[in-house]
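Source file: work_35.cif. Holds: mmCIF, C-alpha atoms.
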```
data_start
#
loop_
_atom_site.label_atom_id
_atom_site.label_comp_id
_atom_site.auth_asym_id
_atom_site.auth_seq_id
_atom_site.Cartn_x
_atom_site.Cartn_y
_atom_site.Cartn_z
CA MET A 1 6.32 12.90 -68.09
CA ARG A 2 6.49 14.57 -64.68
CA GLN A 3 2.81 13.84 -64.09
CA ALA A 4 3.33 10.19 -65.06
CA TRP A 5 6.22 9.97 -62.58
CA GLN A 6 4.21 11.60 -59.78
CA GLN A 7 1.32 9.21 -60.39
CA GLY A 8 3.68 6.23 -60.28
CA ARG A 9 2.97 5.09 -63.83
CA ILE A 10 6.64 5.13 -64.87
CA SER A 11 7.57 2.91 -61.92
CA GLN A 12 4.69 0.57 -62.71
CA TYR A 13 5.55 0.33 -66.41
CA LEU A 14 9.21 -0.33 -65.62
CA LEU A 15 8.19 -3.15 -63.27
CA LEU A 16 5.94 -4.54 -66.00
CA LEU A 17 8.87 -4.35 -68.44
CA ALA A 18 11.06 -6.21 -65.94
CA CYS A 19 8.45 -8.97 -65.60
CA VAL A 20 7.99 -9.29 -69.36
CA ALA A 21 11.76 -9.38 -69.88
CA GLY A 22 12.13 -12.01 -67.17
CA VAL A 23 9.40 -14.25 -68.57
CA SER A 24 10.67 -13.85 -72.14
CA GLY A 25 14.20 -14.55 -70.98
CA LEU A 26 13.15 -17.80 -69.33
CA PHE A 27 12.16 -19.12 -72.73
CA ALA A 28 14.67 -17.45 -75.02
CA SER A 29 17.64 -15.61 -73.52
CA ARG A 30 19.54 -15.73 -70.24
CA ALA A 31 20.66 -12.15 -70.87
CA LEU A 32 17.08 -10.92 -70.47
CA VAL A 33 16.76 -12.84 -67.19
CA ALA A 34 19.96 -11.19 -65.94
CA LEU A 35 18.79 -7.71 -67.00
CA SER A 36 15.25 -7.94 -65.62
CA PRO A 37 16.27 -7.37 -61.94
CA LEU A 38 18.15 -4.23 -63.01
CA VAL A 39 15.01 -2.90 -64.67
CA GLY A 40 13.11 -3.85 -61.52
CA VAL A 41 15.50 -1.80 -59.39
CA ALA A 42 14.99 1.12 -61.79
CA ALA A 43 11.24 0.70 -61.22
CA ALA A 44 11.82 0.91 -57.48
CA VAL A 45 13.91 4.07 -57.84
CA ALA A 46 11.24 5.64 -60.08
CA ASN A 47 8.55 5.27 -57.42
CA PRO A 48 7.87 8.80 -56.07
CA ASN A 49 6.81 7.26 -52.74
CA ALA A 50 9.75 4.88 -52.46
CA ARG A 51 10.81 6.30 -49.10
CA LEU A 52 7.39 5.64 -47.62
CA VAL A 53 7.32 1.99 -48.68
CA LEU A 54 10.96 1.40 -47.77
CA ALA A 55 9.91 0.74 -44.17
CA GLN A 56 7.65 -2.08 -45.39
CA TRP A 57 10.60 -3.71 -47.15
CA LEU A 58 12.73 -3.39 -44.02
CA ARG A 59 10.01 -5.18 -42.03
CA ASN A 60 9.63 -7.96 -44.60
CA LYS A 61 11.10 -11.10 -43.01
CA ALA A 62 11.19 -13.03 -46.28
CA ALA A 63 13.20 -10.26 -47.95
CA TRP A 64 15.60 -10.20 -45.01
CA SER A 65 16.14 -13.94 -45.10
CA LEU A 66 17.07 -13.78 -48.79
CA ALA A 67 19.34 -10.79 -48.14
CA LEU A 68 21.07 -12.74 -45.37
CA LEU A 69 21.69 -15.60 -47.80
CA TYR A 70 23.54 -13.09 -49.97
CA LEU A 71 25.39 -11.79 -46.91
CA LEU A 72 26.62 -15.31 -46.22
CA LEU A 73 28.11 -15.35 -49.71
CA VAL A 74 29.92 -12.12 -48.87
CA VAL A 75 31.18 -13.56 -45.57
CA SER A 76 32.40 -16.70 -47.35
CA SER A 77 35.08 -14.52 -48.95
CA LEU A 78 37.01 -15.01 -45.69
CA TYR A 79 37.58 -18.69 -46.46
CA THR A 80 36.81 -19.22 -50.15
CA GLU A 81 39.38 -20.78 -52.46
CA ASP A 82 37.96 -20.18 -55.93
CA TRP A 83 37.95 -16.40 -56.28
CA SER A 84 36.86 -16.33 -59.91
CA VAL A 85 33.72 -18.35 -59.09
CA TRP A 86 33.11 -16.23 -55.98
CA ARG A 87 33.15 -13.02 -58.02
CA HIS A 88 30.77 -14.58 -60.53
CA GLN A 89 28.44 -15.70 -57.72
CA MET A 90 28.43 -12.19 -56.26
CA TYR A 91 26.89 -11.01 -59.53
CA ARG A 92 24.74 -14.06 -60.16
CA GLN A 93 23.11 -14.00 -56.71
CA LEU A 94 22.19 -10.30 -56.81
CA PRO A 95 18.51 -11.17 -57.55
CA LEU A 96 18.31 -12.37 -53.92
CA ILE A 97 18.38 -8.67 -53.04
CA GLY A 98 17.22 -7.00 -56.24
CA VAL A 99 13.99 -8.92 -56.88
CA PRO A 100 12.44 -8.50 -53.38
CA LEU A 101 13.60 -4.87 -53.36
CA ALA A 102 12.02 -4.17 -56.74
CA PHE A 103 8.66 -5.72 -55.91
CA ALA A 104 8.58 -4.08 -52.48
CA LEU A 105 9.48 -0.54 -53.55
CA ALA A 106 8.08 -0.24 -57.07
CA VAL A 107 4.47 0.68 -57.73
CA PRO A 108 2.63 -2.69 -57.82
CA LEU A 109 1.30 -4.05 -61.07
CA SER A 110 -2.41 -3.78 -61.62
CA GLY A 111 -4.51 -6.91 -61.68
CA ARG A 112 -4.79 -6.76 -65.46
CA GLN A 113 -1.02 -6.39 -65.81
CA ARG A 114 -0.37 -9.41 -63.58
CA TYR A 115 -2.89 -11.35 -65.64
CA ALA A 116 -1.09 -10.36 -68.86
CA VAL A 117 2.29 -11.51 -67.50
CA GLY A 118 0.74 -14.84 -66.52
CA CYS A 119 -0.77 -15.23 -69.99
CA LEU A 120 2.63 -14.54 -71.55
CA PHE A 121 4.16 -17.32 -69.47
CA VAL A 122 1.44 -19.83 -70.37
CA ALA A 123 1.61 -18.93 -74.06
CA GLY A 124 5.40 -19.20 -74.14
CA ALA A 125 5.41 -22.58 -72.41
CA ALA A 126 2.64 -23.97 -74.62
CA LEU A 127 4.26 -22.81 -77.87
CA ILE A 128 7.78 -23.96 -77.05
CA GLY A 129 6.45 -27.17 -75.54
CA GLY A 130 4.45 -27.85 -78.70
CA ALA A 131 7.43 -27.11 -80.93
CA THR A 132 9.60 -29.45 -78.87
CA VAL A 133 6.97 -32.20 -79.16
CA VAL A 134 7.13 -31.75 -82.94
CA ARG A 135 10.91 -32.19 -82.73
CA TYR A 136 10.33 -35.40 -80.76
CA LEU A 137 7.79 -36.72 -83.27
CA LEU A 138 10.14 -36.11 -86.19
CA ASN A 139 12.40 -38.86 -84.84
CA PRO A 140 10.57 -40.77 -82.08
CA LEU A 141 12.82 -43.84 -82.15
CA ALA A 142 16.00 -41.88 -81.50
CA ASN A 143 14.32 -39.73 -78.85
CA ASN A 144 12.88 -42.77 -77.07
CA GLU A 145 16.34 -44.28 -77.01
CA LEU A 146 17.62 -41.10 -75.37
CA ILE A 147 14.85 -41.32 -72.78
CA MET A 148 15.62 -44.97 -72.04
CA MET A 149 19.24 -43.97 -71.35
CA GLY A 150 18.11 -41.27 -68.92
CA GLN A 151 18.61 -38.38 -71.33
CA ASN A 152 16.07 -35.92 -72.73
CA THR A 153 14.79 -34.39 -75.94
CA PRO A 154 16.24 -30.85 -75.86
CA SER A 155 13.82 -27.95 -76.16
CA VAL A 156 13.83 -25.97 -79.39
CA THR A 157 15.28 -22.93 -77.61
CA GLY A 158 17.88 -24.85 -75.62
CA ILE A 159 16.28 -24.50 -72.16
CA PHE A 160 17.82 -26.89 -69.63
CA HIS A 161 15.45 -29.86 -69.35
CA ILE A 162 14.99 -29.56 -65.56
CA HIS A 163 13.98 -25.91 -65.82
CA PHE A 164 11.81 -26.53 -68.88
CA GLY A 165 9.98 -29.37 -67.15
CA LEU A 166 9.25 -27.14 -64.17
CA MET A 167 8.01 -24.37 -66.46
CA LEU A 168 5.67 -26.75 -68.28
CA ALA A 169 4.27 -27.98 -64.97
CA LEU A 170 3.68 -24.42 -63.79
CA ALA A 171 2.09 -23.45 -67.10
CA ALA A 172 -0.33 -26.37 -66.83
CA TYR A 173 -1.62 -24.99 -63.53
CA PHE A 174 -1.38 -21.30 -64.42
CA GLY A 175 -3.43 -21.85 -67.57
CA LEU A 176 -6.31 -23.35 -65.60
CA LEU A 177 -6.08 -20.76 -62.82
CA LEU A 178 -5.90 -17.74 -65.15
CA SER A 179 -8.86 -19.02 -67.16
CA GLY A 180 -10.99 -18.21 -64.11
CA SER A 181 -9.75 -14.62 -63.89
CA LYS A 182 -12.24 -11.79 -64.21
CA TYR A 183 -9.98 -10.29 -66.88
CA ALA A 184 -10.30 -13.33 -69.14
CA GLY A 185 -12.84 -13.12 -71.96
CA LYS A 186 -14.47 -16.14 -73.54
CA VAL A 187 -11.77 -16.60 -76.17
CA ALA A 188 -9.00 -16.02 -73.63
CA ARG A 189 -10.50 -18.63 -71.29
CA VAL A 190 -10.51 -21.23 -74.04
CA LEU A 191 -6.95 -20.37 -75.09
CA LEU A 192 -5.68 -20.49 -71.51
CA VAL A 193 -7.27 -23.87 -70.87
CA LEU A 194 -5.83 -25.17 -74.13
CA GLY A 195 -2.44 -23.71 -73.21
CA GLY A 196 -2.48 -25.43 -69.83
CA ILE A 197 -3.58 -28.75 -71.33
CA SER A 198 -1.00 -28.56 -74.13
CA SER A 199 1.74 -27.86 -71.57
CA ALA A 200 0.69 -30.91 -69.55
CA VAL A 201 0.54 -33.06 -72.70
CA ALA A 202 3.98 -31.85 -73.80
CA LEU A 203 5.35 -32.66 -70.36
CA HIS A 204 4.09 -36.24 -70.62
CA VAL A 205 5.20 -36.76 -74.23
CA LEU A 206 8.68 -35.40 -73.52
CA ALA A 207 8.70 -37.25 -70.17
CA TYR A 208 10.69 -34.65 -68.24
CA ARG A 209 11.12 -36.37 -64.89
CA THR A 210 11.41 -33.31 -62.62
CA GLY A 211 8.45 -31.56 -64.22
CA LEU A 212 6.27 -34.65 -63.90
CA LEU A 213 7.23 -34.99 -60.25
CA VAL A 214 6.25 -31.37 -59.58
CA LEU A 215 3.01 -31.71 -61.54
CA TYR A 216 1.80 -34.75 -59.63
CA ALA A 217 3.10 -33.52 -56.26
CA ALA A 218 1.08 -30.32 -56.72
CA LEU A 219 -1.93 -32.40 -57.74
CA LEU A 220 -1.58 -34.46 -54.56
CA VAL A 221 -1.21 -31.39 -52.32
CA ASN A 222 -4.19 -29.62 -53.90
CA GLY A 223 -6.35 -32.71 -53.61
CA VAL A 224 -5.50 -33.17 -49.93
CA LEU A 225 -6.05 -29.46 -49.16
CA LEU A 226 -9.44 -29.49 -50.87
CA ILE A 227 -10.53 -32.44 -48.74
CA VAL A 228 -8.94 -31.54 -45.39
CA ARG A 229 -9.21 -27.74 -45.30
CA GLN A 230 -12.11 -26.86 -47.61
CA ARG A 231 -14.19 -30.04 -47.15
CA ARG A 232 -14.75 -30.24 -50.91
CA PHE A 233 -14.67 -34.00 -50.98
CA LEU A 234 -15.92 -34.51 -54.53
CA LEU A 235 -13.45 -32.15 -56.21
CA GLY A 236 -10.60 -33.33 -54.01
CA GLY A 237 -11.46 -36.95 -54.75
CA ILE A 238 -11.49 -36.24 -58.49
CA LEU A 239 -8.01 -34.69 -58.29
CA LEU A 240 -6.67 -37.64 -56.32
CA ALA A 241 -8.27 -40.04 -58.81
CA PHE A 242 -6.49 -38.19 -61.62
CA LEU A 243 -3.27 -38.77 -59.70
CA PHE A 244 -3.61 -42.49 -60.39
CA ILE A 245 -5.65 -42.65 -63.59
CA VAL A 246 -3.57 -40.29 -65.76
CA PRO A 247 -0.17 -41.94 -65.06
CA PHE A 248 -1.71 -45.39 -65.58
CA LEU A 249 -3.20 -44.46 -68.96
CA THR A 250 -0.09 -42.56 -70.01
CA TYR A 251 2.14 -45.50 -69.10
CA ASN A 252 0.08 -47.87 -71.22
CA PHE A 253 -0.46 -45.64 -74.26
CA LEU A 254 2.61 -43.36 -74.44
CA THR A 255 5.91 -45.02 -75.27
CA SER A 256 8.13 -42.16 -74.11
CA PHE A 257 6.47 -42.06 -70.68
CA ARG A 258 6.73 -45.85 -70.30
CA TYR A 259 10.39 -45.78 -71.30
CA ARG A 260 11.04 -43.05 -68.73
CA VAL A 261 9.46 -45.09 -65.95
CA LEU A 262 11.25 -48.30 -66.92
CA GLY A 263 14.53 -46.51 -67.48
CA THR A 264 14.32 -44.73 -64.13
CA ALA A 265 13.57 -47.97 -62.28
CA TYR A 266 16.52 -49.71 -63.95
CA ASP A 267 18.71 -46.67 -63.27
CA ILE A 268 17.95 -46.76 -59.53
CA ALA A 269 18.50 -50.53 -59.46
CA GLN A 270 22.00 -50.03 -60.89
CA PHE A 271 22.90 -47.69 -58.03
CA SER A 272 21.35 -49.94 -55.38
CA ALA A 273 23.30 -52.95 -56.69
CA ASP A 274 26.62 -51.03 -56.87
CA GLN A 275 26.84 -51.58 -60.62
CA ASP A 276 28.50 -49.37 -63.24
CA ILE A 277 26.53 -46.10 -63.26
CA ASN A 278 28.52 -44.12 -65.83
CA ASP A 279 25.56 -44.17 -68.24
CA PHE A 280 22.77 -43.59 -65.70
CA SER A 281 21.77 -40.05 -64.74
CA VAL A 282 19.65 -40.78 -61.65
CA SER A 283 22.34 -42.99 -60.14
CA GLN A 284 24.89 -40.26 -60.78
CA ARG A 285 22.57 -37.82 -59.01
CA PHE A 286 22.30 -40.17 -56.03
CA ALA A 287 26.09 -40.42 -55.94
CA ALA A 288 26.31 -36.62 -55.99
CA TRP A 289 23.79 -36.29 -53.15
CA GLU A 290 25.66 -38.83 -51.04
CA THR A 291 28.91 -37.00 -51.75
CA ALA A 292 27.26 -33.73 -50.72
CA ARG A 293 26.00 -35.33 -47.49
CA VAL A 294 29.53 -36.39 -46.59
CA ILE A 295 30.84 -32.86 -47.22
CA THR A 296 28.26 -31.32 -44.87
CA THR A 297 29.55 -33.48 -42.01
CA PHE A 298 32.95 -31.79 -42.30
CA ARG A 299 31.66 -28.20 -42.01
CA PRO A 300 28.20 -28.37 -40.46
CA TRP A 301 27.92 -24.68 -39.46
CA VAL A 302 29.26 -22.41 -42.21
CA GLY A 303 29.70 -24.87 -45.07
CA VAL A 304 32.45 -24.88 -47.66
CA GLY A 305 31.39 -21.61 -49.28
CA LEU A 306 29.02 -21.33 -52.23
CA ALA A 307 31.88 -20.60 -54.61
CA ASP A 308 33.77 -23.73 -53.54
CA VAL A 309 31.02 -26.34 -53.81
CA ARG A 310 32.32 -27.72 -57.11
CA VAL A 311 35.91 -27.82 -55.85
CA GLU A 312 34.89 -29.70 -52.70
CA MET A 313 32.65 -32.08 -54.64
CA MET A 314 35.47 -33.03 -56.99
CA ARG A 315 37.84 -33.36 -54.04
CA GLN A 316 35.45 -35.72 -52.26
CA TYR A 317 34.99 -37.74 -55.45
CA GLU A 318 38.72 -38.45 -55.28
CA TRP A 319 38.08 -40.30 -52.00
CA ARG A 320 35.05 -42.18 -53.27
CA ASP A 321 34.18 -42.00 -56.94
CA TYR A 322 31.43 -44.68 -57.14
CA GLY A 323 33.24 -46.02 -60.20
CA LEU A 324 32.47 -42.82 -62.11
CA GLU A 325 34.74 -41.48 -64.81
CA PRO A 326 35.84 -37.85 -64.20
CA ALA A 327 33.45 -36.59 -66.89
CA ASN A 328 30.51 -38.27 -65.13
CA ARG A 329 31.16 -36.91 -61.64
CA VAL A 330 28.20 -34.58 -61.68
CA MET A 331 27.21 -31.73 -59.42
CA ILE A 332 24.22 -31.77 -57.07
CA HIS A 333 21.64 -30.28 -59.49
CA ASN A 334 19.47 -29.35 -56.52
CA GLN A 335 19.40 -25.74 -55.38
CA TYR A 336 18.49 -26.50 -51.78
CA LEU A 337 21.23 -29.11 -51.35
CA HIS A 338 23.67 -26.78 -53.10
CA TYR A 339 22.97 -24.08 -50.52
CA LEU A 340 23.17 -26.63 -47.73
CA VAL A 341 26.65 -27.69 -48.84
CA GLY A 342 27.77 -24.12 -49.44
CA GLY A 343 26.35 -22.55 -46.28
CA ALA A 344 25.43 -25.59 -44.14
CA SER A 345 23.22 -24.92 -41.11
CA SER A 346 23.21 -21.14 -41.55
CA ASP A 347 21.80 -21.31 -45.10
CA TYR A 348 19.34 -23.98 -44.04
CA PHE A 349 18.10 -21.76 -41.19
CA PHE A 350 17.51 -18.71 -43.40
CA GLY A 351 15.95 -20.82 -46.15
CA TYR A 352 13.62 -22.43 -43.60
CA TRP A 353 12.79 -18.97 -42.21
CA PHE A 354 11.87 -17.76 -45.70
CA CYS A 355 9.66 -20.79 -46.46
CA LEU A 356 7.96 -20.60 -43.07
CA ASP A 357 7.19 -16.90 -43.53
CA ARG A 358 5.73 -17.51 -47.02
CA TRP A 359 3.61 -20.41 -45.71
CA ARG A 360 2.31 -18.33 -42.79
CA ASN A 361 1.32 -15.49 -45.13
CA LEU A 362 -0.43 -17.95 -47.46
CA VAL A 363 -2.41 -19.41 -44.57
CA CYS A 364 -3.39 -15.92 -43.40
CA VAL A 365 -4.61 -14.98 -46.88
CA GLU A 366 -6.66 -18.18 -47.17
CA THR A 367 -8.13 -17.59 -43.71
CA ARG A 368 -9.19 -14.05 -44.60
CA THR A 369 -10.77 -15.16 -47.86
#
```
Structure rendered as structure tokens:
Amino acid sequence: MRQAWQQGRISQYLLLLACVAGVSGLFASRALVALSPLVGVAAAVANPNARLVLAQWLRNKAAWSLALLYLLLVVSSLYTEDWSVWRHQMYRQLPLIGVPLAFALAVPLSGRQRYAVGCLFVAGAALIGGATVVRYLLNPLANNELIMMGQNTPSVTGIFHIHFGLMLALAAYFGLLLSGSKYAGKVARVLLVLGGISSAVALHVLAYRTGLLVLYAALLVNGVLLIVRQRRFLLGGILLAFLFIVPFLTYNFLTSFRYRVLGTAYDIAQFSADQDINDFSVSQRFAAWETARVITTFRPWVGVGLADVRVEMMRQYEWRDYGLEPANRVMIHNQYLHYLVGGASSDYFFGYWFCLDRWRNLVCVETRT
């Protein structure tokens, strides 16, 4: 045991356990997601060389920007109103510190371990996506009616549809990327490609709007990057062609996808025409975003406090409710806007700093390779 600790294997295995728990929790249990950062911190503590790598974490600008976001939550205690929510947020936002700390201080996963975690994610998304498609097919008329009204077929494990759509979109790309890994055998390559394709098919059948947006936005970005940066005109052109061909074919041959497009267009038209939007999810989201925009004009520097976003949203709805019943006055459902309302310019600055640092590192890696 002592030899395993000195060699860093305990730290590495704990980090692997944290990753597996986190991925499994995404599909099955929020409790596992909440516990995974704690296991990650244990992995960091178990690293015999933690003191040596601590300096690297202290110099990591992305980690600092996330830690400062958490600090702003602490500072908001000076003017918060909803103490119960604030205390809950103090616990809920701990991954802003714990996750970067764990990955910076723990012994890194090996390439094969990272590959295995990625395969677990793709397999989980493909299986749950397939099971949810079966649920849809058992009663397509009722599910299509839900889609037309802006609602969604729930996943078999109860994952929130926005998160599940994002996970399916990621799995579609991860499956194709991991199939090219040096750790993938012939059977694994086939299974990963099938997993990625099945995730993409499930996303289109279930017509999860956010996931589809992410899938096609990533397709557009990759196509442009292949043409502009790598000069791979043929491959980039094929990707951009898929951007138009696949939605066109899906719209004409898949009822659920067509209903989602038509329902979304009608939904937006209701908001634009100032009609009753109590039964339209996108219009309610637009109303929430406009309400959030108004709130940011009141406190442009420090925001209303992350714990008080809901209170301020409901308070602003009292001034302008867009004809919404109290039960339909929804929250923002957008993490970036939520932080902008809660922390205003300060949160926006640190979030921008984090994204800029990640983009710069990505460019440097691509340049070196």
Go through the shown structure with the PyMOL selection byres ((chain A and resi 182-193) around 12) and write out the matching residues as a PyMOL selection string. chain A and resi 110-116+118-127+171-181+194-200
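When the PyMOL selection byres ((chain A and resi 152-166) around 7) is evaluated against the file, it yields Phe27, Ala28, Ile128, Ala131, Thr132, Tyr136, Asn143, Leu146, Ile147, Gly150, Gln151, Met167, Leu168, Ala169, Leu170, Leu203, Leu206, Tyr208, Thr210, Gly211 and Val214 of chain A.
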Would you write out, as a PyMOL selection string, every residue that the PyMOL selection byres ((chain A and resi 74-80) around 10) captures in this file? chain A and resi 68-73+81-83+85-87+89-90+302-309+342-343
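Across the structure, CA of Gly130 (chain A) and CA of Phe253 (chain A) are spaced 19.0 Å apart.
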Neighbour list for Ile97 (chain A) as a list in words, cut-off 12 Å, only C-alpha atoms, skip fewer than 2 positions in-chain: Pro37, Leu38, Gly40, Val41, Trp57, Leu58, Ala62, Ala63, Trp64, Ser65, Leu66, Ala67, Leu68, Leu69, Tyr70, Leu71, Met90, Tyr91, Arg92, Gln93, Leu94, Pro95, Val99, Pro100, Leu101, Ala102, Phe103 and Ala104 of chain A
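Across the structure, CA of Ile245 (chain A) and CA of Arg229 (chain A) are spaced 23.9 Å apart.
Among A:Ala21, A:Val53, A:Ala46, A:Val341, the residue with the shortest atom-to-atom distance to Thr297 (chain A), counting only C-alpha atoms, is A:Val341.
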